[in-house]
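Participant: Okay, so here is protein_0.txt, and as you'll see once you scroll down, it has compact mmCIF, C-alpha atoms and all ligand atoms.
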```
# COMPACT_ATOMS: atom_id res chain seq x y z
CA MET A 1 119.88 106.57 116.47
CA MET A 2 116.51 107.46 114.96
CA GLU A 3 114.88 104.39 116.53
CA HIS A 4 115.59 105.50 120.08
CA LYS A 5 114.93 109.17 119.82
CA TRP A 6 111.61 109.04 121.72
CA GLN A 7 109.99 107.20 124.57
CA THR A 8 106.85 106.98 122.42
CA LYS A 9 103.75 107.93 124.40
CA HIS A 10 100.59 105.83 124.23
CA TRP A 11 97.73 108.29 124.80
CA HIS A 12 94.53 106.33 125.50
CA ILE A 13 91.41 108.08 124.39
CA HIS A 14 89.05 105.25 123.39
CA ASN A 15 87.57 105.02 126.87
CA VAL A 16 86.24 108.57 126.69
CA VAL A 17 82.46 108.36 127.11
CA ASP A 18 81.40 111.43 125.16
CA LYS A 19 83.07 111.23 121.76
CA HIS A 20 81.77 114.51 120.40
CA VAL A 21 84.47 116.45 118.59
CA ASP A 22 83.82 119.62 120.62
CA ASN A 23 84.44 117.79 123.89
CA LEU A 24 87.48 115.90 122.63
CA ILE A 25 89.28 119.09 121.56
CA SER A 26 89.91 120.05 125.19
CA HIS A 27 90.90 116.50 126.24
CA PRO A 28 94.41 116.67 127.77
CA HIS A 29 95.78 113.95 125.48
CA VAL A 30 94.47 115.67 122.36
CA GLN A 31 95.91 118.96 123.62
CA GLN A 32 99.30 117.34 124.27
CA ALA A 33 99.35 115.73 120.85
CA ALA A 34 98.40 119.05 119.25
CA SER A 35 101.14 120.93 121.08
CA TRP A 36 103.73 118.46 119.76
CA ILE A 37 102.40 118.91 116.24
CA ASN A 38 102.62 122.67 116.70
CA ARG A 39 106.28 122.14 117.64
CA ASP A 40 106.77 120.35 114.30
CA GLU A 41 106.81 116.80 115.76
CA PRO A 42 104.58 114.23 113.99
CA VAL A 43 102.02 112.33 116.08
CA ALA A 44 99.97 109.25 115.16
CA PHE A 45 96.18 109.34 115.42
CA PRO A 46 93.16 107.21 114.51
CA THR A 47 90.99 107.84 111.48
CA GLU A 48 87.98 105.80 110.35
CA THR A 49 90.18 104.01 107.77
CA VAL A 50 93.60 103.34 109.35
CA TYR A 51 95.91 105.19 111.77
CA GLY A 52 97.71 108.18 110.28
CA LEU A 53 101.01 109.87 111.17
CA GLY A 54 100.17 113.58 111.18
CA ALA A 55 102.28 116.72 110.88
CA ASN A 56 101.65 120.37 110.03
CA ALA A 57 101.05 120.33 106.26
CA LEU A 58 102.33 123.92 106.01
CA SER A 59 105.74 123.18 107.56
CA ASP A 60 108.37 121.53 105.44
CA LYS A 61 110.49 120.70 108.47
CA ALA A 62 107.59 118.88 110.14
CA VAL A 63 106.61 116.95 107.03
CA GLN A 64 110.20 115.82 106.43
CA LYS A 65 110.04 114.07 109.81
CA ILE A 66 107.13 111.92 108.61
CA PHE A 67 109.23 110.64 105.72
CA THR A 68 112.15 109.92 108.06
CA ALA A 69 110.06 108.13 110.70
CA LYS A 70 108.36 105.89 108.12
CA GLY A 71 111.34 105.39 105.83
CA ARG A 72 109.05 106.62 103.05
CA PRO A 73 110.44 107.46 99.59
CA ALA A 74 110.42 111.26 99.12
CA ASP A 75 108.61 111.08 95.77
CA ASN A 76 105.46 109.54 97.32
CA PRO A 77 103.13 112.45 98.22
CA LEU A 78 100.94 112.66 101.35
CA ILE A 79 97.23 113.24 101.94
CA VAL A 80 96.28 116.52 103.67
CA HIS A 81 93.59 116.07 106.35
CA ILE A 82 91.14 118.85 107.16
CA SER A 83 88.26 119.24 109.61
CA ALA A 84 86.12 121.70 107.63
CA VAL A 85 85.79 122.67 103.97
CA ASP A 86 86.89 126.20 104.96
CA ASN A 87 90.33 124.77 105.77
CA LEU A 88 90.88 124.25 102.02
CA ALA A 89 91.80 127.91 101.48
CA GLY A 90 95.49 127.95 100.57
CA VAL A 91 95.58 124.14 100.48
CA VAL A 92 93.88 123.83 97.10
CA ASP A 93 93.84 126.33 94.31
CA GLU A 94 90.38 125.59 93.00
CA ILE A 95 87.43 123.31 93.78
CA PRO A 96 85.89 121.96 90.54
CA ALA A 97 82.10 121.41 90.53
CA GLN A 98 82.40 117.61 90.61
CA ALA A 99 84.67 117.85 93.63
CA ARG A 100 82.05 119.91 95.46
CA LEU A 101 79.41 117.26 94.79
CA LEU A 102 81.66 114.50 96.08
CA MET A 103 82.61 116.49 99.20
CA ALA A 104 78.96 117.19 99.96
CA LYS A 105 78.10 113.50 99.70
CA PHE A 106 81.12 111.73 101.21
CA TRP A 107 82.84 114.12 103.66
CA PRO A 108 83.62 113.49 106.39
CA GLY A 109 84.49 109.99 105.17
CA PRO A 110 86.95 107.67 103.42
CA LEU A 111 87.28 109.62 100.18
CA THR A 112 90.45 111.48 99.15
CA LEU A 113 90.26 114.01 96.32
CA VAL A 114 93.22 115.04 94.19
CA LEU A 115 92.87 118.77 93.42
CA PRO A 116 94.97 121.63 92.03
CA ARG A 117 97.58 122.46 94.66
CA GLY A 118 97.30 125.65 96.73
CA SER A 119 100.20 127.98 97.50
CA GLN A 120 100.48 127.24 101.23
CA VAL A 121 101.04 123.50 101.06
CA CYS A 122 104.73 122.72 101.40
CA GLN A 123 106.72 121.01 98.66
CA SER A 124 107.41 117.78 100.49
CA VAL A 125 103.68 117.07 100.99
CA THR A 126 103.01 116.94 97.26
CA ALA A 127 106.44 115.62 96.27
CA GLY A 128 106.66 118.48 93.82
CA LEU A 129 103.41 117.68 91.97
CA ASP A 130 101.04 120.51 91.00
CA THR A 131 98.16 118.61 92.62
CA VAL A 132 97.40 117.89 96.26
CA ALA A 133 95.38 115.04 97.82
CA VAL A 134 92.90 116.07 100.55
CA ARG A 135 90.33 114.40 102.75
CA MET A 136 88.13 115.05 105.79
CA PRO A 137 88.27 111.98 108.05
CA ALA A 138 85.12 110.74 109.80
CA HIS A 139 86.69 110.05 113.18
CA PRO A 140 86.02 112.28 116.17
CA VAL A 141 89.60 112.03 117.49
CA ALA A 142 91.06 112.92 114.09
CA LEU A 143 88.71 115.88 113.70
CA ALA A 144 89.40 117.06 117.27
CA LEU A 145 93.16 116.85 116.72
CA ILE A 146 93.00 118.87 113.50
CA GLU A 147 90.81 121.47 115.25
CA ALA A 148 93.11 121.60 118.27
CA CYS A 149 96.14 122.17 116.02
CA GLY A 150 94.30 124.77 113.99
CA LYS A 151 95.98 123.67 110.78
CA PRO A 152 95.68 121.02 108.07
CA LEU A 153 97.61 117.82 108.81
CA ALA A 154 99.62 115.90 106.25
CA ALA A 155 99.25 112.24 107.18
CA PRO A 156 100.19 108.96 105.53
CA SER A 157 99.29 105.66 107.17
CA ALA A 158 101.30 105.29 110.41
CA ASN A 159 103.28 102.17 109.46
CA LEU A 160 106.85 101.62 108.39
CA SER A 161 106.96 102.11 104.64
CA GLY A 162 105.98 98.88 102.84
CA LYS A 163 104.24 97.26 105.84
CA PRO A 164 100.50 96.69 106.31
CA SER A 165 98.67 99.83 107.47
CA PRO A 166 97.89 100.01 111.21
CA THR A 167 94.32 99.42 112.33
CA ARG A 168 95.20 99.57 116.04
CA ALA A 169 97.49 101.77 118.13
CA GLU A 170 99.54 98.66 118.99
CA HIS A 171 100.39 98.26 115.29
CA VAL A 172 101.66 101.84 115.20
CA LEU A 173 103.80 101.21 118.28
CA HIS A 174 105.15 97.99 116.81
CA ASP A 175 106.42 99.83 113.72
CA LEU A 176 107.25 103.33 114.99
CA SER A 177 108.07 103.04 118.69
CA GLY A 178 111.09 105.26 119.42
CA ARG A 179 110.66 107.02 116.07
CA ILE A 180 107.69 109.24 116.97
CA VAL A 181 106.55 111.26 120.00
CA GLY A 182 103.29 109.42 120.56
CA VAL A 183 100.10 107.83 119.34
CA LEU A 184 96.53 108.76 120.24
CA ASP A 185 94.78 105.42 120.83
CA GLY A 186 91.18 105.52 119.64
CA GLY A 187 90.75 101.74 119.51
CA GLU A 188 90.31 99.66 116.36
CA THR A 189 89.58 101.58 113.15
CA GLY A 190 86.26 101.02 111.38
CA VAL A 191 86.93 100.68 107.65
CA GLY A 192 90.30 98.94 107.96
CA LEU A 193 91.54 99.84 104.45
CA GLU A 194 92.80 103.23 103.29
CA SER A 195 90.54 105.82 101.67
CA THR A 196 89.42 105.78 98.06
CA VAL A 197 91.57 108.23 96.03
CA VAL A 198 89.96 110.08 93.10
CA ASP A 199 91.64 112.61 90.83
CA VAL A 200 89.10 115.33 90.03
CA THR A 201 91.39 117.67 88.11
CA GLY A 202 90.30 116.39 84.66
CA GLU A 203 87.01 116.20 82.73
CA VAL A 204 86.16 112.73 84.00
CA PRO A 205 87.05 111.75 87.60
CA LEU A 206 89.78 109.11 87.72
CA LEU A 207 89.84 106.43 90.42
CA LEU A 208 93.45 106.06 91.57
CA ARG A 209 92.99 103.81 94.61
CA PRO A 210 89.86 101.77 95.49
CA GLY A 211 88.69 102.01 99.10
CA GLY A 212 85.71 102.32 101.41
CA VAL A 213 83.76 104.48 98.94
CA THR A 214 83.10 102.29 95.89
CA GLN A 215 83.15 103.17 92.19
CA SER A 216 79.38 102.78 91.85
CA GLU A 217 78.78 105.05 94.86
CA LEU A 218 80.96 107.69 93.18
CA GLU A 219 79.16 107.25 89.85
CA GLU A 220 75.79 107.84 91.50
CA VAL A 221 77.03 111.34 92.33
CA VAL A 222 79.14 112.40 89.33
CA GLY A 223 78.18 110.04 86.52
CA ARG A 224 81.04 108.23 84.81
CA VAL A 225 84.26 107.56 86.76
CA GLU A 226 87.27 106.12 84.95
CA ILE A 227 89.74 103.71 86.51
CA ASP A 228 93.48 104.27 86.45
CA PRO A 229 94.75 101.54 84.05
CA ALA A 230 97.51 100.84 86.56
CA LEU A 231 94.86 99.25 88.81
CA SER A 232 94.37 96.26 86.50
CA TYR A 233 94.72 92.93 88.22
CA HIS A 234 97.90 92.07 86.41
CA LEU A 235 99.38 95.10 88.04
CA ASP A 236 102.69 93.48 88.82
CA SER A 237 103.73 92.83 85.25
CA VAL A 238 102.71 96.20 83.93
CA HIS A 239 102.76 98.77 86.66
CA ASN A 240 106.28 99.99 86.19
CA THR A 241 106.24 100.24 82.43
CA ALA A 242 105.99 103.63 80.76
CA ALA A 243 102.53 102.93 79.33
CA PHE A 244 101.08 102.16 82.73
CA ARG A 245 102.90 104.52 85.02
CA PRO A 246 100.36 105.03 87.83
CA ARG A 247 99.11 108.55 88.42
CA SER A 248 99.23 107.90 92.12
CA PRO A 249 102.94 107.80 92.80
CA GLY A 250 102.54 105.50 95.82
CA LEU A 251 101.28 102.67 93.67
CA LYS A 252 104.67 101.82 92.29
CA TYR A 253 106.15 100.83 95.66
CA LYS A 254 105.97 97.57 97.56
CA HIS A 255 102.99 97.85 99.86
CA TYR A 256 101.05 96.21 102.66
CA ALA A 257 103.57 93.37 102.76
CA PRO A 258 104.24 91.38 105.93
CA ASP A 259 107.59 89.63 106.47
CA GLY A 260 106.15 86.29 105.34
CA GLU A 261 105.63 85.63 101.63
CA VAL A 262 102.00 86.16 100.63
CA PHE A 263 100.25 84.06 97.97
CA LEU A 264 96.79 85.08 96.83
CA VAL A 265 94.76 82.17 95.43
CA SER A 266 92.20 82.75 92.70
CA LEU A 267 88.48 82.17 93.15
CA ALA A 268 87.95 81.58 89.40
CA LYS A 269 87.15 77.85 89.81
CA GLY A 270 85.00 78.33 92.91
CA VAL A 271 85.51 78.27 96.67
CA LYS A 272 85.92 74.48 96.94
CA ALA A 273 88.65 74.28 94.30
CA MET A 274 90.41 77.28 95.87
CA ARG A 275 90.44 75.62 99.29
CA ARG A 276 91.60 72.22 98.05
CA TYR A 277 94.46 73.91 96.22
CA ILE A 278 95.52 75.97 99.24
CA GLN A 279 95.50 72.89 101.45
CA GLU A 280 97.71 71.05 98.95
CA CYS A 281 100.17 73.94 98.91
CA ALA A 282 100.15 74.14 102.70
CA LEU A 283 100.85 70.41 103.07
CA ARG A 284 103.68 70.50 100.54
CA ASP A 285 105.26 73.60 102.10
CA ARG A 286 105.07 72.19 105.61
CA GLU A 287 106.72 68.96 104.45
CA GLN A 288 109.53 71.12 103.13
CA GLY A 289 109.87 72.78 106.53
CA TYR A 290 108.08 76.07 105.95
CA SER A 291 105.69 77.49 108.53
CA VAL A 292 102.36 78.20 106.83
CA ALA A 293 99.37 80.41 107.58
CA VAL A 294 96.02 80.50 105.79
CA LEU A 295 93.71 83.52 105.75
CA THR A 296 90.17 82.27 105.26
CA THR A 297 86.62 83.00 106.43
CA ASP A 298 84.42 81.42 109.12
CA ASP A 299 83.09 78.73 106.76
CA GLY A 300 86.64 77.65 105.80
CA LYS A 301 88.28 77.67 109.20
CA GLY A 302 87.64 74.00 109.96
CA PHE A 303 88.92 72.88 106.56
CA TYR A 304 92.61 73.68 106.89
CA VAL A 305 95.57 72.09 108.60
CA ALA A 306 98.35 74.69 108.94
CA ASP A 307 100.52 76.37 111.57
CA LEU A 308 98.09 79.27 111.78
CA VAL A 309 94.55 79.56 110.38
CA ILE A 310 92.94 82.99 110.65
CA SER A 311 89.31 83.72 109.87
CA LEU A 312 88.44 87.14 108.51
CA GLY A 313 84.81 86.61 109.52
CA ASP A 314 81.69 85.92 107.48
CA ARG A 315 82.54 85.55 103.74
CA THR A 316 79.39 87.45 102.80
CA ARG A 317 80.24 90.46 104.99
CA LEU A 318 83.03 92.07 103.01
CA GLU A 319 83.08 95.18 105.17
CA ARG A 320 84.05 93.11 108.21
CA VAL A 321 86.65 91.25 106.13
CA ALA A 322 88.19 94.57 105.05
CA GLN A 323 88.44 95.69 108.65
CA ARG A 324 90.44 92.60 109.67
CA ILE A 325 92.90 92.07 106.82
CA TYR A 326 95.87 94.12 107.99
CA ALA A 327 95.67 92.83 111.55
CA ALA A 328 95.63 89.27 110.19
CA LEU A 329 98.75 89.87 108.08
CA ARG A 330 100.49 91.30 111.13
CA GLU A 331 99.37 88.34 113.24
CA ALA A 332 101.08 86.02 110.76
CA ASP A 333 104.30 88.00 111.23
CA GLN A 334 104.01 87.78 115.02
CA ALA A 335 103.81 84.01 114.63
CA GLN A 336 106.90 84.16 112.36
CA ILE A 337 105.05 82.53 109.50
CA GLN A 338 107.07 82.11 106.30
CA ARG A 339 104.27 81.50 103.77
CA ILE A 340 100.82 83.04 103.94
CA TYR A 341 98.07 81.72 101.64
CA VAL A 342 95.14 84.07 101.25
CA GLU A 343 91.71 83.25 99.82
CA SER A 344 90.33 85.61 97.14
CA PHE A 345 87.07 87.54 97.41
CA PRO A 346 84.54 88.68 94.80
CA THR A 347 85.42 92.17 93.54
CA ALA A 348 81.95 93.66 94.02
CA ALA A 349 81.68 96.80 96.19
CA VAL A 350 84.44 96.94 98.84
CA GLY A 351 85.75 93.61 97.45
CA GLU A 352 87.55 95.70 94.82
CA ALA A 353 89.63 97.42 97.51
CA ILE A 354 90.16 94.15 99.40
CA MET A 355 91.56 92.41 96.30
CA ASN A 356 93.65 95.46 95.38
CA ARG A 357 95.42 95.39 98.78
CA LEU A 358 95.76 91.61 98.89
CA LEU A 359 97.29 91.49 95.43
CA LYS A 360 99.82 94.11 96.50
CA ALA A 361 100.60 92.32 99.73
CA ALA A 362 101.24 89.30 97.48
CA GLN A 363 103.43 91.48 95.24
CA GLY A 364 101.30 90.43 92.29
CA ARG A 365 101.44 86.67 92.94
CA MET A 366 98.01 85.26 92.09
CA LEU A 367 97.94 81.43 92.04
CA GLU A 368 95.37 79.66 89.85
CA PRO A 369 94.10 76.30 91.19
O1 LIG A 401 92.78 106.38 104.53
C1 LIG A 401 93.79 107.02 104.20
O2 LIG A 401 93.86 107.63 103.12
C2 LIG A 401 94.96 107.03 105.19
C3 LIG A 401 94.53 107.79 106.44
C4 LIG A 401 95.67 107.99 107.39
O3 LIG A 401 93.94 109.00 106.08
N1 LIG A 401 96.11 107.63 104.57
C5 LIG A 401 96.83 107.02 103.60
O4 LIG A 401 97.94 107.72 103.21
O5 LIG A 401 96.54 105.95 103.15
P1 LIG A 401 99.11 107.05 102.35
O6 LIG A 401 100.21 108.04 102.33
O7 LIG A 401 99.44 105.73 102.92
O8 LIG A 401 98.52 106.95 100.91
C6 LIG A 401 98.33 108.12 100.14
C7 LIG A 401 98.12 107.76 98.68
C8 LIG A 401 99.42 107.30 98.05
O9 LIG A 401 99.15 106.22 97.17
C9 LIG A 401 99.86 108.55 97.28
O10 LIG A 401 100.70 108.25 96.22
C10 LIG A 401 98.53 109.12 96.87
O11 LIG A 401 97.68 108.92 97.97
N2 LIG A 401 98.63 110.58 96.60
C11 LIG A 401 98.93 111.57 97.45
N3 LIG A 401 98.98 112.76 96.82
C12 LIG A 401 98.68 112.52 95.53
C13 LIG A 401 98.56 113.33 94.36
N4 LIG A 401 98.77 114.65 94.40
N5 LIG A 401 98.23 112.73 93.19
C14 LIG A 401 98.01 111.40 93.14
N6 LIG A 401 98.11 110.57 94.20
C15 LIG A 401 98.45 111.12 95.39
MG MG A 402 100.26 103.87 103.31
```
Please rewrite the model in this file as structure tokens.
Facilitator:
Amino acid sequence: MMEHKWQTKHWHIHNVVDKHVDNLISHPHVQQAASWINRDEPVAFPTETVYGLGANALSDKAVQKIFTAKGRPADNPLIVHISAVDNLAGVVDEIPAQARLLMAKFWPGPLTLVLPRGSQVCQSVTAGLDTVAVRMPAHPVALALIEACGKPLAAPSANLSGKPSPTRAEHVLHDLSGRIVGVLDGGETGVGLESTVVDVTGEVPLLLRPGGVTQSELEEVVGRVEIDPALSYHLDSVHNTAAFRPRSPGLKYKHYAPDGEVFLVSLAKGVKAMRRYIQECALRDREQGYSVAVLTTDDGKGFYVADLVISLGDRTRLERVAQRIYAALREADQAQIQRIYVESFPTAAVGEAIMNRLLKAAQGRMLEP
């Protein structure tokens, strides 16, 4: 059975004092992980966004194993991770001027660029598309691993397909234990949501997935950036129709969803109305025998009566909120919660990415108080 193929190794590396990339390359755990990757076995590793499951992007056999381990649909392409712009030779065919500007400003960092595909990238990475997604992660362990392997790494988030992305090595082990050789544990990831994805193959850059780098930050560098119409908030009703087929193939699948049913509650009538409504729903559901969790912020924690109340931190510090969301959804699963009510956030800055992921976790269910 796939599940029991490996005694998955947990390689601790977060307690290393000197986290410079050059020193980490020779670390025995990084070397071990790299040698497995060079034998075509995928390994999980930390990035500044979420944990990734990495394999040699030039080996079809290796990349296939990522899809198998995650249960990922074959038509959903992967992001290629590099440690230096020089690594792009053969990976991409051409670097448009706007792409160069964005790389100079945001790499290493949570920005993925969709570029014309190079000849060396294997078919399964791009799912047959003539473009390839690439990024340079800003995490010393990720950079050291790529350097130690000496090749670009194809890496999706290291979760079972459809589940919330892992922000800790324990999340990776929960989903993929027995299915992969090992995970490099670099502690909790910083951003907590996946990278921003921008297609730079056209005249005007197109935002395919919001993330840690915001639209206005991109526009400061390249002027106007358009948004993929598939990202509209009523995503669920439109995203599989012909008119709104997302350019980013991954967007059409169920995503970030815990086992419990998620309900996102609108902020349109204000925080007070949102909270009163959630509490009413929670009471009603609990009377009917459901276990209920509420995801709120520090200022709302004392307000709710439910089986589990999780604070995502200070409501005004959206970056901290982003970092905690996936762990909170997983915590609700651990507690075997059946219904999870989640408060909305303003869509300014990283709030855009937060609401994008929450709406998907809720499979499009947005309740209006
Ligand atoms: O932060 C991240 O990006 C993390 C870490 C591990 O780097 N990775 C990640 O990978 O989120 P994944 O596979 O979970 O998401 C990749 C997204 C998918 O929505 C996929 O459809 C899209 O990027 N994508 C990949 N190649 C593409 C392409 N050629 N054109 C358009 N979208 C593409
Ligand atoms: Mg993913």
Participant: When you count all atoms listed in the file, which of these residues is closest to Ala104 of chain A: A:Val125, A:Val132, A:Leu176, A:Val222?
Facilitator: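 Checking each of A:Val125, A:Val132, A:Leu176, A:Val222 against Ala104 of chain A, counting all atoms listed in the file, the winner is A:Val222.
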Participant: Rank A:Glu170, A:Asp60, A:Glu147, A:Glu343 by their smallest atom-to-atom distance to Asn87 of chain A, using all atoms listed in the file, and report the top residue only.
Facilitator: A:Glu147
Participant: Neighbours of ligand MG 402 (chain A) within 7 Å, counting all atoms listed in the file, as a PyMOL selection string?
Facilitator: chain A and resi 156-157+165
Participant: My list of candidates is A:Glu194, A:Asp259, A:Asp22, A:Glu368. Which is closest to ligand LIG 401 (chain A) when distances are computed with only C-alpha atoms and all ligand atoms?
Facilitator: A:Glu194
Participant: For Ala169 of chain A, which residue among A:Gly52, A:Gly128, A:Pro346, A:Gly302 is the nearest when counting all atoms listed in the file?
Facilitator: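 Ranking A:Gly52, A:Gly128, A:Pro346, A:Gly302 by distance to Ala169 of chain A, first place goes to A:Gly52.
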Participant: Give me the residues of chain A that have any atom at most 8 Å from an atom of ligand LIG 401 (chain A); for each, the nearest atom pair and the distance in Å, rounded to one decimal. Use only C-alpha atoms and all ligand atoms, sort by chain and number, and format it as CSV.
Facilitator:
```
residue,atom,partner,partner_atom,distance
A:Pro46,CA,A:LIG401,C4,7.6
A:Thr47,CA,A:LIG401,C3,6.2
A:Glu48,CA,A:LIG401,O1,7.6
A:Thr49,CA,A:LIG401,O1,4.8
A:Val50,CA,A:LIG401,C3,5.4
A:Tyr51,CA,A:LIG401,C4,5.2
A:Gly52,CA,A:LIG401,C4,3.5
A:Leu53,CA,A:LIG401,C4,6.8
A:Asn76,CA,A:LIG401,O10,5.1
A:Pro77,CA,A:LIG401,C11,4.4
A:Leu78,CA,A:LIG401,C11,4.5
A:Ile79,CA,A:LIG401,C11,5.1
A:His81,CA,A:LIG401,O3,7.1
A:Pro110,CA,A:LIG401,O1,6.1
A:Leu111,CA,A:LIG401,O2,7.5
A:Thr112,CA,A:LIG401,O2,6.5
A:Val114,CA,A:LIG401,N4,5.6
A:Leu115,CA,A:LIG401,N4,7.3
A:Arg117,CA,A:LIG401,N4,7.9
A:Val125,CA,A:LIG401,N3,7.6
A:Thr126,CA,A:LIG401,N4,5.6
A:Ala127,CA,A:LIG401,N4,8.0
A:Leu129,CA,A:LIG401,N4,6.1
A:Asp130,CA,A:LIG401,N4,7.1
A:Thr131,CA,A:LIG401,N4,4.4
A:Val132,CA,A:LIG401,N4,4.0
A:Ala133,CA,A:LIG401,N3,4.4
A:Val134,CA,A:LIG401,N3,7.9
A:Arg135,CA,A:LIG401,O3,7.3
A:Pro137,CA,A:LIG401,O3,6.7
A:Ala155,CA,A:LIG401,C4,5.6
A:Pro156,CA,A:LIG401,O6,3.3
A:Ser157,CA,A:LIG401,O7,4.3
A:Ala158,CA,A:LIG401,C4,6.9
A:Ser165,CA,A:LIG401,O7,7.5
A:Leu193,CA,A:LIG401,O1,6.7
A:Glu194,CA,A:LIG401,O1,3.4
A:Ser195,CA,A:LIG401,O1,3.7
A:Thr196,CA,A:LIG401,O2,7.0
A:Val197,CA,A:LIG401,O11,6.4
A:Asp199,CA,A:LIG401,C14,6.9
A:Leu208,CA,A:LIG401,N6,7.0
A:Arg209,CA,A:LIG401,O9,7.1
A:Arg247,CA,A:LIG401,C14,5.6
A:Ser248,CA,A:LIG401,N6,3.6
A:Pro249,CA,A:LIG401,O10,4.1
A:Gly250,CA,A:LIG401,O10,3.3
A:Leu251,CA,A:LIG401,O9,5.4
```
Participant: Let me make sure I understand: among A:Asn15, A:Gln98, A:Ser311, A:Ser35, which one has the smallest atom-to-atom distance to Leu218 of chain A if we use all atoms listed in the file?
Facilitator: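 Closest to Leu218 of chain A, using all atoms listed in the file: A:Gln98.
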Participant: Select, from A:His174, A:Lys9, A:Arg286, A:His20, the residue with the minimum atom-to-atom distance to Ala33 of chain A, counting all atoms listed in the file.
Facilitator: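 Closest to Ala33 of chain A of all the choices is A:Lys9.
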